[in-house]
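Novice: Here you go, one structure.
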Amino acid sequence: MKAAARSQAMFFQARAGRQVRNKGLQKALAKARPLFVGKRAKGIAGLAGDGLDFAELRSACEAIRRRVVDDLDVWLEIFEARARATGAEVLWARDGEEICSHVLDIARRNGVTKVVKSKSMLSEEAGLNEALSAAGIQPVETDLGEYIVQLAGEAPSHIIAPAVHKSMAEVEALFAEHHGRPRQERTSADIPLMAREARAVLRQHFLTAEMGISGANFLIAESGSAALVTNEGNGRMVTTLPRVHVVITGIEKIVPTLDDFATLMRLLPRSATGQGISNYVSLLTGTRAAGETEGPEKTVFILVDNGRAALAGSDFSDMLRCIRCGACMNHCPVYFSLGGHAYGWVYPGPMGSVLTPLYTGIENALDLPHASTGCNQCGSVCPVNIPLPRLMHRLRELQNERGLRPWRERIALRAWGWLAGRPALYRRVSGRAARYLRWLADDSGRIRVFGLAPGWSAGRDLAAPPGKTFHELYAARKRA
Amino acid sequence: MRLALFVTCLVDLMRPSIGFASLRLLESAGCEVVVPPGQTCCGQPAWSAGNRRIARDLARQAIAELEDYDYVVIPSGSCTDQVRQVYPELLADEPPWALRAQVLAARCYELSQFLTEVLGVDDLPGAFSGSVTYHDSCKGLRGLGIKQQPRDLLAKVPGLSLVEMPECEECCGFGGAFALRFGDVSTAIVDRKCESIAAAGADAVVGGDLGCLLNIEGRLRRRGDLATRVLHLAEVLAGPEGQ
C-alpha cells in the first residue's frame, strides 16, 4: 500500500521530542487550544437553548452511524444506485493508488490541466497532489489552511485547521514569496487583508481550473447526494465552477436519510468549531441538468476502501462511526503538546493513533497506540461515542499478541508480573526498593536523577519514600 | 462491617502515609478494616501495556485475596477503575472467574466514594488550616464519576477552604507507562497543570491518585515551587498521624 510507504508514524518518539522543544509551534498550539476547547464547550452548552440534550443527541448520532456501519454493503449499494440515477458516475477505489489512477484517468479524458481542491483527507491518504503534479496537472488547495500548508510544502497538522501550527509571520513570509511581493509587518488586524489576498489569487484558479476535487462530510443514501460542511465558501466554488467535479470519500461516510443528516449536523459543527451551524452546508446532487445555469457537467464519486472494509465487524468497527469533527484532538493533552506532524501520517491525535496503525499497518506505527495517557478526554467529547482509549488499548494488545513489542519491555514486564504474582517475595523486593529510593535522595529528600526512569526524572524531582513500605510498617505495628 | 483495604503498590512503595491515613479514616468511621496480606498490584501496568495474560493472572490473584469481605476500599481512582471496569471484561470468558470478578467489582469502592456513598460520614478526624485546590484524576472522574464526593468531604474539614483551579479536569500527563515512555511529552502536559495550580494559588493541591500526585509534585519542585503542598485526599481528611 502506497500510504504505508509515506507514513512517518514509526518515528513518533523522535518527532515528539523535537515538537515539544519547538518554541514557535508551542506558542501556536498554546494559542489555539483554549479557542478549540472554549468554542466547543459554548457550542454544546448552546444546545440547551434549542431544547436539546447532548447525551440524547449523541446517542442518536451514534445510533445513526451504527446503523450504517452494521450494514455498510447494503447502504453503499443504495447510495450507488441513487447517485447514478441523478446522473453521477460512481467509481470504487481499493487504496490510494487506485484513487490516483481514477483521478488521472478522469483528468486525461476531460483534458484537465489544473485542479482546484476543497479539503479531502482521502486525497491526503492517497498522496494525490504528488500524483497530479507528476502527471503535469497543477493541484491547487483552496481551503485557506490547506492553501497555506501547500505553499509551505507541508502536510496538514489538524483535520479541520490544517495550518494551526503556523504563526502569522510564517504565513506572511509564504504569501510574500509565492505571491511575488515584498514582505510586510503584520499584526492580527491585518488577517482579513491577508485572507483577501489569498482569495484574489485563488479566484483566478477557480475560474481557470477544469476540475474540482472535494471530499464529502457525508453521503446521503436516500438522495445520492454528497453533503459538504464548510466555512470559507471555497467548497461551493470547487464543486460548481469547474466542468468536472470529483468527490473522493471513504465508504464509511454514508448516512441513510436527510433527516439523519440533520441530526448529525446538530453535533458536527458544534463539536468541531462550536458553531450551531457552519457558514455553508451544501447538498450536491447529480450534474447540471438541461436549462440549469450552474453546476458541473460531470460528477464522479470515488468511494474508497483503503482499509475501511476490513474494520467492519472487527474489534475496531466503532472507529468507522467517526465523523471527522476533530474534537478528540482538540481535547487531547498529547496532541496539544506536539501538534499533528508528530503523528507522521494523515490523521493526528487520538483518531490518528487508532487509524494510522489500522490503515498503514500495525507494525508501521508502534508508538501511536501508546501515545495516550488514557485520560479519555477524547472519548468523553466524541459526538458519536467512539471509545478511543479502548481502541488504542486493543491495538496495544495486538502488538503484544504479534510479538511486536521491544524485547526489553517484554522481559521487564514478564519479570515484574512474575514478582507481583508472588506476594511474599514481592514484599522483600519492594522493601529493598524503598530503601534504594531513600538512598538515592539528596538532603532535601528528593531524587533528582533516577536512572530507571530517565525521561521522567529529567523534568522532575521525585519525593523520596520514607525507606519502609506500607506493608513493612503495618506488620511492625501489628507486632507492637 | 468488615472491609478490605487495598493500599495499592504505589502507596505501599512511595507513600505509606496514605495507607495509614485511609486506615484511620475508615476505622474512625467505625469499620473493621483488614489489610489482606497477599495483596500486591492490581495489574493495571500489564493491562495498560497490552499484556492480557499477566493482567489476568494478577486480577485472579487480587480477586482471591479480596473477595471475602463486605467491601473493598482503594485510595486510588485508577486502581478502583481497574477492579470495577476492567476485571469483569478481562475475565469475561473464564466462567467461574467472570462471576467472581463481577461480584468483587460491585463491592469495590474508591475511598471518597465509599466515605460519601456507603458510609455517609460527617465527622472527619482531620483539620487543615489554609486553602486547597483539587485535581480531578482522569480514571476517577471519567471512569468512575468521582467529582463531587471529594469536594463534599473537603468541605467538612475544619479550617479548610477549597479554591478551584482552572481546567481541574485536565489530565496531569502521568498515565503510568506513558510518563516513562514519553517523558518530555509528559513534562509538557504537567507544565500546564502546574500553571493551573499556580493560578489557583492554594496552599496545597489535593488529589485521589498517588500517580498524579507524584507527577505533579515532582514537576512543581523542579520548577522551583517548594511551597505548594501536594497531598492525597486521605492525608487531608485524616490529618497527620497521632492527632
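Labeling convention for the C-alpha cells: chains A, B, ... as they appear, residues from 1 per chain, ligands from 1 in order of appearance.
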Dump as an MDAnalysis selection string the residues of chain A that approach chain B to within 8 Å, counting only C-alpha atoms.

Specialist: chainID A and resid 13 16:17 20 333:334 337:338 370:377 380 393:400 413:414 417 420:421 423:424 426 430:431 433:434 453:466 468:471

Novice: Excluding region 109-122 of chain B and any residue of its chain fewer than 3 positions from it, enumerate the residues within 9 Å of it, using only C-alpha atoms, and give them as a PDB file with C-alpha atoms, in the first residue's frame.

Specialist:
```
ATOM      1  CA  SER B  22      -7.011   5.626  54.858  1.00  0.00           C
ATOM      2  CA  LEU B  25     -10.391   7.358  58.309  1.00  0.00           C
ATOM      3  CA  LEU B  26     -12.162   4.050  57.921  1.00  0.00           C
ATOM      4  CA  ALA B  29     -15.925   5.756  60.947  1.00  0.00           C
ATOM      5  CA  TYR B  71     -16.383  -4.166  50.823  1.00  0.00           C
ATOM      6  CA  VAL B  72     -13.032  -3.401  49.276  1.00  0.00           C
ATOM      7  CA  VAL B  73     -11.783   0.165  49.560  1.00  0.00           C
ATOM      8  CA  ILE B  74      -8.929   1.581  47.483  1.00  0.00           C
ATOM      9  CA  PRO B  75      -7.364   5.039  47.891  1.00  0.00           C
ATOM     10  CA  SER B  76      -6.984   5.415  44.124  1.00  0.00           C
ATOM     11  CA  GLY B  77      -9.459   6.057  41.315  1.00  0.00           C
ATOM     12  CA  SER B  78      -7.152   4.425  38.821  1.00  0.00           C
ATOM     13  CA  CYS B  79      -6.797   1.069  40.620  1.00  0.00           C
ATOM     14  CA  THR B  80     -10.507   1.065  41.536  1.00  0.00           C
ATOM     15  CA  ASP B  81     -11.338   1.577  37.878  1.00  0.00           C
ATOM     16  CA  ARG B  84     -14.536  -2.297  38.696  1.00  0.00           C
ATOM     17  CA  ALA B 105     -16.428  -5.116  41.164  1.00  0.00           C
ATOM     18  CA  ALA B 106     -19.791  -4.402  42.769  1.00  0.00           C
ATOM     19  CA  GLY B 140     -11.664   8.616  38.858  1.00  0.00           C
ATOM     20  CA  LEU B 144     -15.958   6.272  37.944  1.00  0.00           C
ATOM     21  CA  ILE B 146     -15.878  10.932  41.045  1.00  0.00           C
ATOM     22  CA  GLN B 149     -17.516  13.267  46.504  1.00  0.00           C
ATOM     23  CA  PRO B 150     -14.017  14.539  47.396  1.00  0.00           C
ATOM     24  CA  ASP B 152     -18.093  17.299  49.755  1.00  0.00           C
ATOM     25  CA  LEU B 153     -15.586  15.625  52.063  1.00  0.00           C
ATOM     26  CA  LYS B 156     -16.305  19.034  56.107  1.00  0.00           C
ATOM     27  CA  GLY B 208      -7.121  10.997  44.919  1.00  0.00           C
ATOM     28  CA  LEU B 233      -7.239  13.323  49.905  1.00  0.00           C
ATOM     29  CA  ALA B 234      -6.873  10.683  52.637  1.00  0.00           C
TER      30      ALA B 234
END
```

Novice: Using DSSP assignments from the backbone, pull out every residue in region 35-228 of chain B that falls under strand (DSSP E or B) and give it to me as a list in words.

Specialist: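 Those residues are Tyr71, Val72, Val73, Ile74, Cys108, Tyr109, Glu110, Gly130, Ser131, Val132, Thr133, Tyr134, His135, Leu160, Ser161, Leu162, Ala204, Val205, Val206 and Gly207 of chain B.
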
Novice: Write out, as a JSON list (two decimals), in the first residue's frame, the residues just selected, with C-alpha atoms.

Specialist:
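Output file result.json is given in full below:
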```
[["chain", "number", "residue", "atom", "x", "y", "z"],
["B", 71, "TYR", "CA", -16.38, -4.17, 50.82],
["B", 72, "VAL", "CA", -13.03, -3.40, 49.28],
["B", 73, "VAL", "CA", -11.78, 0.17, 49.56],
["B", 74, "ILE", "CA", -8.93, 1.58, 47.48],
["B", 108, "CYS", "CA", -15.21, -2.30, 45.39],
["B", 109, "TYR", "CA", -15.12, 1.44, 46.07],
["B", 110, "GLU", "CA", -12.69, 4.26, 45.69],
["B", 130, "GLY", "CA", -5.47, 27.01, 54.63],
["B", 131, "SER", "CA", -6.70, 26.65, 51.10],
["B", 132, "VAL", "CA", -6.55, 23.62, 48.82],
["B", 133, "THR", "CA", -7.27, 23.07, 45.16],
["B", 134, "TYR", "CA", -8.49, 19.69, 43.88],
["B", 135, "HIS", "CA", -7.07, 17.87, 40.85],
["B", 160, "LEU", "CA", -10.08, 24.23, 55.00],
["B", 161, "SER", "CA", -11.21, 26.35, 52.07],
["B", 162, "LEU", "CA", -11.45, 24.97, 48.54],
["B", 204, "ALA", "CA", -1.97, 22.68, 48.75],
["B", 205, "VAL", "CA", -3.04, 20.67, 45.74],
["B", 206, "VAL", "CA", -5.05, 17.61, 46.67],
["B", 207, "GLY", "CA", -5.91, 14.55, 44.61]]
```

Novice: Do you have the CA of Tyr436 (chain A)-CA of Arg422 (chain A) distance handy?

Specialist: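 Separation between CA of Tyr436 (chain A) and CA of Arg422 (chain A): 20.7 Å.
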
Novice: Go through A:Val281, A:Leu57, A:Ala107, A:Ala342 one by one, measure the shortest atom-to-atom distance of each to Leu25 (chain A) using only C-alpha atoms, and give the residue with the smallest value.

Specialist: A:Ala342

Novice: Give me, please, the distance in Å between CA of Ala163 (chain A) and CA of Gly340 (chain A), quoted to one decimal.

Specialist: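 Atom-to-atom, CA of Ala163 (chain A) to CA of Gly340 (chain A), that is 9.9 Å.
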
Novice: Got a sec to tell me which of region 66-251 of chain A DSSP assigns to alpha helix (DSSP H), as a PyMOL selection string?

Specialist: chain A and resi 66-70+72-85+96-109+121-126+128-134+144-152+168-179+191-208+234-240

Novice: I'd like the neighbourhood of Arg266 (chain A) as a ChimeraX atom specification, where a residue qualifies if any of its atoms comes within 12 Å (using only C-alpha atoms), though same-chain residues fewer than 2 positions away should be ignored.

Specialist: /A:43-44,46-48,50-54,56-58,60-61,259-264,268-272,274-278,383-384

Novice: Excluding same-chain residues fewer than 2 positions from Gly349 (chain A), what lies within 8 Å of it counting only C-alpha atoms, as number ranges by chain?

Specialist: A: 328-329, 332, 334-335, 340, 343, 347, 351-353

Novice: Restrict the selected residues to C-alpha atoms and save them as a short mmCIF file (atom, residue, chain, number, x, y, z; two decimals), in the first residue's frame.

Specialist:
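Once everything was written out, this is again-v5.cif:
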```cif
data_model
loop_
_atom_site.label_atom_id
_atom_site.label_comp_id
_atom_site.auth_asym_id
_atom_site.auth_seq_id
_atom_site.Cartn_x
_atom_site.Cartn_y
_atom_site.Cartn_z
CA CYS A 328 -10.76 14.25 20.02
CA MET A 329 -7.52 16.01 19.08
CA CYS A 332 -6.09 15.70 23.77
CA VAL A 334 -0.78 14.81 23.94
CA TYR A 335 -1.91 16.40 20.67
CA GLY A 340 -0.23 16.99 14.31
CA TYR A 343 1.88 11.60 14.37
CA TYR A 347 -4.74 11.79 10.91
CA MET A 351 -8.21 9.29 15.96
CA GLY A 352 -4.83 9.06 14.24
CA SER A 353 -3.41 6.86 16.96
#
```

Novice: CA of Arg15 (chain A) and CA of Thr356 (chain A) are how many Å apart?

Specialist: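 Taking CA of Arg15 (chain A) as the start and CA of Thr356 (chain A) as the end point, the length is 15.7 Å.
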
Novice: Restricting the calculation to only C-alpha atoms: of A:Glu62, A:Glu232, A:Glu210, A:Glu197, which residue gets closest to Thr142 (chain A)?

Specialist: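 Checking each of A:Glu62, A:Glu232, A:Glu210, A:Glu197 against Thr142 (chain A), counting only C-alpha atoms, the winner is A:Glu232.
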
Novice: So which residues touch region 293-304 of chain A within 7 Å, counting only C-alpha atoms, skipping near sequence neighbours fewer than 4 positions away, as a PyMOL selection string?

Specialist: chain A and resi 88-95+240-251+286-288

Novice: Filtering to N, CA and C atoms, could you give me those residues as a PDB file, in the first residue's frame?

Specialist:
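Output file out_27.pdb follows:
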```
ATOM      1  N   ALA A  88     -24.758  11.024 -11.822  1.00  0.00           N
ATOM      2  CA  ALA A  88     -23.360  10.985 -11.399  1.00  0.00           C
ATOM      3  C   ALA A  88     -22.750   9.632 -11.748  1.00  0.00           C
ATOM      4  N   GLU A  89     -21.445   9.626 -11.842  1.00  0.00           N
ATOM      5  CA  GLU A  89     -20.728   8.376 -12.057  1.00  0.00           C
ATOM      6  C   GLU A  89     -20.223   7.917 -10.688  1.00  0.00           C
ATOM      7  N   VAL A  90     -20.192   6.618 -10.435  1.00  0.00           N
ATOM      8  CA  VAL A  90     -19.674   6.118  -9.156  1.00  0.00           C
ATOM      9  C   VAL A  90     -18.540   5.136  -9.428  1.00  0.00           C
ATOM     10  N   LEU A  91     -17.374   5.440  -8.879  1.00  0.00           N
ATOM     11  CA  LEU A  91     -16.223   4.547  -9.032  1.00  0.00           C
ATOM     12  C   LEU A  91     -15.803   4.056  -7.645  1.00  0.00           C
ATOM     13  N   TRP A  92     -15.133   2.934  -7.622  1.00  0.00           N
ATOM     14  CA  TRP A  92     -14.655   2.378  -6.354  1.00  0.00           C
ATOM     15  C   TRP A  92     -13.138   2.320  -6.370  1.00  0.00           C
ATOM     16  N   ALA A  93     -12.538   2.626  -5.226  1.00  0.00           N
ATOM     17  CA  ALA A  93     -11.079   2.548  -5.139  1.00  0.00           C
ATOM     18  C   ALA A  93     -10.697   1.706  -3.941  1.00  0.00           C
ATOM     19  N   ARG A  94      -9.819   0.734  -4.184  1.00  0.00           N
ATOM     20  CA  ARG A  94      -9.412  -0.147  -3.087  1.00  0.00           C
ATOM     21  C   ARG A  94      -8.400   0.560  -2.194  1.00  0.00           C
ATOM     22  N   ASP A  95      -7.525   1.376  -2.777  1.00  0.00           N
ATOM     23  CA  ASP A  95      -6.470   2.010  -1.986  1.00  0.00           C
ATOM     24  C   ASP A  95      -6.065   3.340  -2.627  1.00  0.00           C
ATOM     25  N   THR A 240     -18.873  23.712  -8.016  1.00  0.00           N
ATOM     26  CA  THR A 240     -19.829  24.190  -9.021  1.00  0.00           C
ATOM     27  C   THR A 240     -19.187  24.865 -10.231  1.00  0.00           C
ATOM     28  N   LEU A 241     -17.993  25.458 -10.065  1.00  0.00           N
ATOM     29  CA  LEU A 241     -17.414  26.198 -11.192  1.00  0.00           C
ATOM     30  C   LEU A 241     -16.754  25.330 -12.264  1.00  0.00           C
ATOM     31  N   PRO A 242     -15.866  24.403 -11.890  1.00  0.00           N
ATOM     32  CA  PRO A 242     -15.206  23.612 -12.939  1.00  0.00           C
ATOM     33  C   PRO A 242     -16.182  22.663 -13.643  1.00  0.00           C
ATOM     34  N   ARG A 243     -15.813  22.257 -14.853  1.00  0.00           N
ATOM     35  CA  ARG A 243     -16.657  21.358 -15.655  1.00  0.00           C
ATOM     36  C   ARG A 243     -16.871  20.011 -14.973  1.00  0.00           C
ATOM     37  N   VAL A 244     -15.797  19.561 -14.312  1.00  0.00           N
ATOM     38  CA  VAL A 244     -15.843  18.225 -13.718  1.00  0.00           C
ATOM     39  C   VAL A 244     -15.700  18.337 -12.200  1.00  0.00           C
ATOM     40  N   HIS A 245     -16.567  17.651 -11.492  1.00  0.00           N
ATOM     41  CA  HIS A 245     -16.439  17.605 -10.028  1.00  0.00           C
ATOM     42  C   HIS A 245     -16.221  16.164  -9.599  1.00  0.00           C
ATOM     43  N   VAL A 246     -15.127  15.941  -8.866  1.00  0.00           N
ATOM     44  CA  VAL A 246     -14.834  14.607  -8.347  1.00  0.00           C
ATOM     45  C   VAL A 246     -14.940  14.646  -6.832  1.00  0.00           C
ATOM     46  N   VAL A 247     -15.768  13.776  -6.290  1.00  0.00           N
ATOM     47  CA  VAL A 247     -15.899  13.646  -4.836  1.00  0.00           C
ATOM     48  C   VAL A 247     -15.119  12.412  -4.415  1.00  0.00           C
ATOM     49  N   ILE A 248     -14.122  12.610  -3.555  1.00  0.00           N
ATOM     50  CA  ILE A 248     -13.360  11.443  -3.076  1.00  0.00           C
ATOM     51  C   ILE A 248     -13.665  11.265  -1.599  1.00  0.00           C
ATOM     52  N   THR A 249     -14.229  10.144  -1.246  1.00  0.00           N
ATOM     53  CA  THR A 249     -14.561   9.973   0.165  1.00  0.00           C
ATOM     54  C   THR A 249     -14.551   8.513   0.569  1.00  0.00           C
ATOM     55  N   GLY A 250     -14.458   8.281   1.872  1.00  0.00           N
ATOM     56  CA  GLY A 250     -14.390   6.916   2.400  1.00  0.00           C
ATOM     57  C   GLY A 250     -15.758   6.256   2.360  1.00  0.00           C
ATOM     58  N   ILE A 251     -15.757   4.931   2.230  1.00  0.00           N
ATOM     59  CA  ILE A 251     -17.019   4.203   2.101  1.00  0.00           C
ATOM     60  C   ILE A 251     -17.855   4.276   3.372  1.00  0.00           C
ATOM     61  N   GLY A 286     -26.215  15.101  -8.210  1.00  0.00           N
ATOM     62  CA  GLY A 286     -26.203  14.979  -9.669  1.00  0.00           C
ATOM     63  C   GLY A 286     -25.380  16.030 -10.391  1.00  0.00           C
ATOM     64  N   THR A 287     -25.700  16.228 -11.666  1.00  0.00           N
ATOM     65  CA  THR A 287     -24.949  17.149 -12.520  1.00  0.00           C
ATOM     66  C   THR A 287     -25.863  18.274 -12.983  1.00  0.00           C
ATOM     67  N   ARG A 288     -25.284  19.208 -13.744  1.00  0.00           N
ATOM     68  CA  ARG A 288     -26.076  20.308 -14.283  1.00  0.00           C
ATOM     69  C   ARG A 288     -27.101  19.757 -15.288  1.00  0.00           C
TER      70      ARG A 288
END
```
